[in-house]
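K.L.:
Please read through the structure below; I'll follow up with questions.
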Amino acid sequence: MIKIGLTGGIGSGKTTVSKIFEKFGGAVFTSDLRAKIIQNENPKAVSAIKNLFGDDIYSGGVLDRKRVADIVFNDSEALKKLNGIVHPLVFEDFNGFCAAHSDKRFVVLESAVLVESGFFRFADFSVLVSADFSLRVGRVMERDGISREKVLERIKNQLSESEVRGNCKYEVVNNDIQTVESQVKEILRQNNLLF
């Protein structure tokens, strides 16, 4: 089984590209979604997060993600500690996902923080999804109903495309949906994964 890392900045269109990989027979592990589930349901994670931020960081058994974001965006040490709790559990979850999908030719590990988390090291190769900056900003404003300033703030907290590019073997440019599928097919073809 081939493990493909997939990453890209906010608004680049990782989900769109993931769906195309899925269409061609892969199983997609969305690490951001799995991390949210782990933070609410994994007793080890819940206990460690409460120790880090206090019991009241959970309300009705659900992590107050907005409060956590407010804390970690201003405290890199707290972010590092949170990642130290969550990333190993997400990776453990990914290993279980691979075992459950062992019938697939390839699995895709989709992660906004593929490089920062070190997850890219566990992929056979990684793919960067990129898009023009103005397109990304517009997509996020429309999707999340937030201001341009808020989007720019989020982008500022991520690695730049150029920083991520060095850890990726391939790049899918997602400016025009018409060309994305052919780019994904070419990556699969080069790796003998297209049947």
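Simple scheme: letters A, B, ... for chains in structure tokens order, numbers from 1 for residues in each chain, numbers from 1 for ligands in the order shown.
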Determine, counting only C-alpha atoms, which protein, DNA and RNA residues have an atom within 10 Å of an atom of segment 71-78 of chain A; residues of the same chain fewer than 5 positions away are not included. Present the result as an MDAnalysis selection string.

P.N.:
chainID A and resid 52:53 65:66 83:84 153:154 157

K.L.:
Only C-alpha atoms, please: the residues just picked out, written as a short mmCIF file (atom, residue, chain, number, x, y, z; two decimals), in the first residue's frame.

P.N.:
```cif
data_model
loop_
_atom_site.label_atom_id
_atom_site.label_comp_id
_atom_site.auth_asym_id
_atom_site.auth_seq_id
_atom_site.Cartn_x
_atom_site.Cartn_y
_atom_site.Cartn_z
CA LEU A 52 -3.08 21.76 29.94
CA PHE A 53 -5.97 24.26 29.76
CA ARG A 65 -12.16 25.06 20.02
CA LYS A 66 -12.54 28.83 19.81
CA ASN A 83 0.33 19.27 19.28
CA GLY A 84 2.45 16.97 21.45
CA GLU A 153 -4.69 36.17 10.04
CA ARG A 154 -5.24 32.42 9.56
CA ASN A 157 -0.33 31.27 11.11
#
```

K.L.:
Extract, using only C-alpha atoms, all DNA, RNA and protein residues at most 10 Å from Gly166 of chain A, discarding same-chain residues fewer than 5 positions from it, and format them as a compact mmCIF listing (two decimals) with N, CA and C atoms, in the first residue's frame.

P.N.:
```txt
# COMPACT_ATOMS: atom_id res chain seq x y z
N VAL A 115 3.56 18.98 7.10
CA VAL A 115 4.99 19.25 7.28
C VAL A 115 5.30 19.59 8.74
N LEU A 128 1.54 18.82 -2.66
CA LEU A 128 1.10 20.14 -2.22
C LEU A 128 -0.04 20.59 -3.13
N GLU A 161 3.43 28.39 1.14
CA GLU A 161 3.53 27.33 0.12
C GLU A 161 4.99 27.04 -0.20
```

K.L.:
Rounded to one decimal in Å, what is the spacing between atom CA of Lys19 of chain A and atom CA of Ser147 of chain A?

P.N.:
27.4 Å

K.L.:
Do you have, as a Markdown table, the list of residues of segment 1-118 of chain A lying at most 9 Å from segment 133-137 of chain A, each with its nearest atom pair and that distance in Å to one decimal, counting only C-alpha atoms and ordered by chain then number?

P.N.:
```
| residue | atom | partner | partner_atom | distance |
| --- | --- | --- | --- | --- |
| A:Gly9 | CA | A:Arg136 | CA | 8.3 |
| A:Ile10 | CA | A:Arg136 | CA | 6.9 |
| A:Gly11 | CA | A:Arg136 | CA | 4.3 |
| A:Ser12 | CA | A:Arg136 | CA | 5.6 |
| A:Gly13 | CA | A:Arg136 | CA | 8.2 |
```

K.L.:
Which is closest to Lys36 of chain A among A:Gly54, A:His101, A:Val62, A:Leu6, if we use only C-alpha atoms?

P.N.:
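Smallest distance to Lys36 of chain A is found for A:Val62.
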
K.L.:
Write out as a list in words the residues lying within 8 Å of Val86 of chain A, counting only C-alpha atoms and excluding same-chain residues fewer than 6 positions away.

P.N.:
Ala35, Ile38, Gln39 and Ala45 of chain A

K.L.:
What's the separation between atom CA of Gln190 of chain A and atom CA of Asp103 of chain A, in Å to one decimal place?

P.N.:
20.7 Å

K.L.:
Using only C-alpha atoms, which residues sit within 8 Å of Gly8 of chain A once same-chain residues fewer than 6 positions away are excluded, as number ranges by chain?

P.N.:
A: 14, 111-112, 128-130, 161

K.L.:
Those residues with C-alpha atoms, as a PDB file, in the first residue's frame please?

P.N.:
```pdb
ATOM      1  CA  LYS A  14      -7.348  19.968  -0.326  1.00  0.00           C
ATOM      2  CA  SER A 111      -3.375  17.271   6.673  1.00  0.00           C
ATOM      3  CA  ALA A 112      -3.103  21.050   6.769  1.00  0.00           C
ATOM      4  CA  LEU A 128       1.099  20.145  -2.221  1.00  0.00           C
ATOM      5  CA  VAL A 129      -2.231  21.627  -3.287  1.00  0.00           C
ATOM      6  CA  SER A 130      -1.673  25.257  -4.251  1.00  0.00           C
ATOM      7  CA  GLU A 161       3.534  27.333   0.120  1.00  0.00           C
TER       8      GLU A 161
END
```
